[in-house]
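Dumped my_file-v3.txt below, it's compact mmCIF, C-alpha atoms:
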```
# COMPACT_ATOMS: atom_id res chain seq x y z
CA MET A 1 25.70 11.10 -44.23
CA SER A 2 23.66 13.57 -42.16
CA ARG A 3 25.07 15.73 -39.39
CA TRP A 4 23.54 15.31 -35.97
CA SER A 5 24.42 17.01 -32.71
CA GLN A 6 23.08 16.34 -29.22
CA TYR A 7 23.84 19.84 -27.97
CA ASP A 8 25.36 18.43 -24.80
CA THR A 9 27.56 21.34 -23.85
CA ASP A 10 26.50 23.95 -21.30
CA GLU A 11 27.01 26.78 -23.80
CA GLU A 12 24.39 25.29 -26.14
CA ARG A 13 21.91 24.23 -23.46
CA LEU A 14 22.01 26.98 -20.82
CA PRO A 15 20.86 30.59 -21.11
CA GLU A 16 23.56 33.18 -21.58
CA GLY A 17 25.38 33.98 -18.34
CA MET A 18 24.30 30.70 -16.67
CA GLN A 19 27.17 28.47 -15.53
CA ARG A 20 27.20 25.00 -13.97
CA ILE A 21 28.97 25.14 -10.60
CA GLY A 22 28.35 21.78 -8.98
CA TYR A 23 26.72 18.38 -8.79
CA ASP A 24 25.40 16.55 -5.72
CA ALA A 25 25.69 12.82 -6.29
CA ASP A 26 23.44 11.96 -3.32
CA THR A 27 20.44 13.92 -4.59
CA GLN A 28 21.50 13.77 -8.28
CA THR A 29 20.97 17.51 -8.73
CA TYR A 30 23.08 19.94 -10.71
CA THR A 31 23.70 23.45 -9.34
CA PHE A 32 23.99 26.50 -11.58
CA ARG A 33 24.76 30.22 -11.07
CA ASP A 34 23.38 32.93 -13.32
CA ALA A 35 24.91 36.32 -14.19
CA ASP A 36 23.19 37.97 -11.19
CA GLY A 37 24.75 35.50 -8.77
CA SER A 38 21.51 33.60 -8.05
CA ILE A 39 21.82 29.87 -7.42
CA TRP A 40 19.61 27.49 -9.39
CA GLU A 41 19.15 23.70 -9.18
CA SER A 42 17.93 21.13 -11.67
CA ALA A 43 15.33 18.50 -10.93
CA PRO A 44 16.79 15.30 -9.38
CA GLY A 45 18.22 13.09 -12.09
CA ASN A 46 18.10 15.77 -14.82
CA GLN A 47 21.20 17.50 -16.09
CA TYR A 48 19.15 20.08 -17.99
CA GLY A 49 15.49 20.96 -18.08
CA GLN A 50 13.44 23.10 -15.75
CA LEU A 51 15.53 24.86 -13.11
CA HIS A 52 14.26 26.30 -9.85
CA ARG A 53 15.83 29.12 -7.88
CA VAL A 54 17.46 28.03 -4.63
CA ASN A 55 18.87 31.33 -3.40
CA THR A 56 19.67 34.87 -4.36
CA THR A 57 23.26 35.75 -3.52
CA PHE A 58 25.08 39.00 -3.84
CA ALA A 59 28.34 39.60 -5.61
CA PRO A 60 31.14 39.62 -3.03
CA TYR A 61 33.27 42.34 -4.70
CA GLY A 62 33.09 45.78 -3.23
CA ASP A 63 29.74 45.30 -1.50
CA ASP A 64 30.35 45.63 2.23
CA ALA A 65 26.65 45.81 3.07
CA HIS A 66 26.26 42.06 2.54
CA ASP A 67 28.54 39.43 3.96
CA ALA A 68 29.73 36.97 1.32
CA THR A 69 29.67 34.17 3.87
CA GLU A 70 25.89 34.24 4.44
CA PRO A 71 24.43 30.75 4.49
CA LEU A 72 22.28 29.71 1.59
CA HIS A 73 18.55 29.71 2.35
CA THR A 74 15.89 28.02 0.31
CA ALA A 75 13.42 30.30 -1.34
CA SER A 76 10.06 30.41 0.43
CA ASN A 77 8.09 31.23 -2.73
CA GLU A 78 8.24 27.63 -3.95
CA PRO A 79 5.04 25.66 -3.57
CA SER A 80 5.56 23.11 -0.82
CA THR A 81 4.53 19.55 -1.48
CA SER A 82 1.83 18.09 0.72
CA TRP A 83 2.44 15.20 3.07
CA ARG A 84 0.16 13.08 0.88
CA HIS A 85 2.42 13.58 -2.09
CA GLU A 86 5.52 12.70 -0.08
CA MET A 87 3.91 9.68 1.60
CA MET A 88 2.09 8.31 -1.48
CA PRO A 89 4.34 5.24 -1.94
CA LEU A 90 3.87 4.33 1.72
CA LEU A 91 0.12 4.91 1.57
CA ASN A 92 -0.10 2.69 -1.52
CA TRP A 93 1.79 -0.02 0.34
CA PHE A 94 -0.59 0.16 3.31
CA LEU A 95 -3.55 0.03 0.94
CA LEU A 96 -2.21 -3.14 -0.68
CA VAL A 97 -1.51 -4.75 2.71
CA GLY A 98 -5.01 -3.81 3.92
CA LEU A 99 -6.63 -5.30 0.83
CA PHE A 100 -4.58 -8.46 1.23
CA LEU A 101 -5.64 -8.83 4.88
CA LEU A 102 -9.26 -8.13 3.97
CA LEU A 103 -9.10 -10.85 1.33
CA ILE A 104 -7.57 -13.33 3.81
CA PHE A 105 -10.25 -12.63 6.45
CA TRP A 106 -12.99 -12.89 3.82
CA PHE A 107 -11.60 -16.23 2.66
CA ILE A 108 -11.32 -17.58 6.22
CA SER A 109 -14.83 -16.48 7.16
CA GLY A 110 -16.20 -18.02 3.95
CA THR A 111 -14.82 -21.44 4.83
CA THR A 112 -16.56 -21.61 8.19
CA LYS A 113 -20.11 -22.79 7.87
CA ARG A 114 -22.85 -21.19 9.89
CA VAL A 115 -24.99 -23.72 11.69
CA GLU A 116 -28.70 -23.24 11.11
CA PRO A 117 -31.05 -24.79 13.67
CA THR A 118 -32.97 -27.70 12.25
CA ALA A 119 -36.76 -27.77 12.57
CA CYS A 120 -37.80 -31.24 13.65
CA GLN A 121 -41.15 -32.83 12.85
CA ASP A 122 -43.78 -33.82 15.43
CA HIS A 123 -42.57 -37.41 15.72
CA SER A 124 -38.98 -36.40 16.63
CA SER A 125 -37.15 -34.24 19.15
CA SER A 126 -34.16 -31.95 18.59
CA TYR A 127 -30.72 -32.56 20.08
CA LYS A 128 -27.92 -29.97 20.24
CA ILE A 129 -24.57 -31.41 19.12
CA MET A 130 -21.78 -31.02 21.67
CA SER A 131 -18.03 -31.49 21.48
CA GLY A 132 -17.06 -35.13 21.08
CA ASP A 133 -20.47 -36.29 19.79
CA THR A 134 -20.67 -38.81 16.98
CA CYS A 135 -23.69 -40.15 15.15
CA TRP A 136 -23.19 -43.56 16.81
CA ALA A 137 -22.93 -42.03 20.31
CA ILE A 138 -26.06 -39.90 19.79
CA ALA A 139 -28.05 -42.90 18.51
CA GLU A 140 -26.97 -45.10 21.44
CA GLU A 141 -27.63 -42.36 24.02
CA HIS A 142 -31.21 -41.97 22.79
CA HIS A 143 -31.79 -45.73 22.21
CA VAL A 144 -32.42 -45.47 18.46
CA SER A 145 -30.73 -47.20 15.55
CA LEU A 146 -28.14 -45.37 13.48
CA ASP A 147 -30.20 -45.97 10.33
CA SER A 148 -33.33 -44.33 11.79
CA LEU A 149 -31.21 -41.34 12.94
CA LEU A 150 -29.81 -40.94 9.40
CA GLN A 151 -33.30 -41.33 7.83
CA GLU A 152 -34.70 -38.61 10.09
CA ASN A 153 -31.82 -36.21 9.20
CA HIS A 154 -31.52 -36.25 5.39
CA GLY A 155 -28.07 -35.17 4.21
CA LEU A 156 -26.46 -35.52 7.65
CA ASP A 157 -22.70 -36.07 7.31
CA CYS A 158 -21.51 -38.00 10.36
CA GLU A 159 -17.90 -37.07 9.58
CA LYS A 160 -18.62 -33.33 9.82
CA LEU A 161 -20.93 -32.77 12.78
CA ALA A 162 -20.94 -29.06 13.66
CA ILE A 163 -20.76 -28.23 17.36
CA GLY A 164 -23.88 -26.25 18.29
CA GLY A 165 -25.89 -27.70 15.41
CA THR A 166 -29.03 -29.70 15.92
CA VAL A 167 -30.11 -33.14 14.80
CA CYS A 168 -33.56 -34.65 15.02
CA ILE A 169 -33.90 -37.75 17.18
CA PRO A 170 -36.80 -40.03 16.20
CA ARG A 171 -39.06 -40.89 19.13
CA VAL A 172 -39.31 -44.55 20.01
```
Conversion result in structure tokens:
Amino acid sequence: MSRWSQYDTDEERLPEGMQRIGYDADTQTYTFRDADGSIWESAPGNQYGQLHRVNTTFAPYGDDAHDATEPLHTASNEPSTSWRHEMMPLLNWFLLVGLFLLLIFWFISGTTKRVEPTACQDHSSSYKIMSGDTCWAIAEEHHVSLDSLLQENHGLDCEKLAIGGTVCIPRV
């Protein structure tokens, strides 16, 4: 049977003089102190791996020039992340919502039919369809039969008359 070790202890994983001093459960970061007294943090969610310096502290023994109670300051030499990097999940969400809305508007505009004006022949006159018009009412208003109205307008669907469209009325 082979021997296998995960090297999970701090002595095996950390450089010499480095010691784990804390863990923040909210940010899931581990805090370490090296032999010089500098504070280091791990990446969120990683116990080990690449560490970045948070602060340089001074040893409190016998050094009166520096107060041991100085607040910790973040190092300014770290590259700051851009707002795009921080807001990327939100930007992706807005992109998906925008594409969804664009698709909905495209679908809605595709279902509405544009009404093209009909060119009538010499023996007929054009009539603009208004709200409430039916094929029967148009034929009676112009004193023509329904059959002659349908013959003059090939493919006319009396169930779907478009308001603003035109039909050709045969002259009597």
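For region 30-46 of chain A, the list of residues within 6 Å, based on all atoms listed in the file and with local chain neighbours fewer than 4 positions off taken out, reads A:Gly17, A:Met18, A:Gln19, A:Arg20, A:Ile21, A:Gly22, A:Tyr23, A:Leu51, A:His52, A:Arg53, A:Val54, A:Asn55, A:Thr56, A:Thr57.
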**OP:** Grab the CA of Ile129 (chain A) to CA of Val172 (chain A) distance for me, in Å with one decimal place.
**Re:** 19.8 Å
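Candidate residues A:Glu11, A:Leu102, A:Ile169, A:Cys120 were compared for distance to Glu140 (chain A), and the nearest is A:Ile169, using only C-alpha atoms.
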Original post:
In Å to one decimal, how far is CA of Ser131 (chain A) from CA of Gly164 (chain A)?
Top reply: 8.5 Å
Test item: axis-aligned box, all listed atoms of region 29-42 of chain A, 6 Å on each side, centre and edges in Å rounded to one decimal, as JSON:
```
{"center_x": 21.4, "center_y": 27.7, "center_z": -10.8, "size_x": 19.0, "size_y": 32.5, "size_z": 18.8}
```
**OP:** Can you work out the spacing between CA of Gln47 (chain A) and CA of Thr29 (chain A) in Å, to one decimal?
**Re:** 7.4 Å
**OP:** Please identify all polymer residues within 9 Å of Ser148 (chain A), counting all atoms listed in the file, omitting same-chain residues fewer than 4 positions from it, and present them as a PyMOL selection string.
**Re:** chain A and resi 139+144+152-153+169-170
**OP:** Tell me which of A:Cys168, A:Gly98, A:His154, A:Asp26 sits closest to Ser125 (chain A), counting only C-alpha atoms.
**Re:** A:Cys168
Original post:
Between A:Gly155, A:Gly110, A:Pro89, A:Gly165, which one has atoms that come closest to Lys128 (chain A), using all atoms listed in the file?
Top reply: A:Gly165
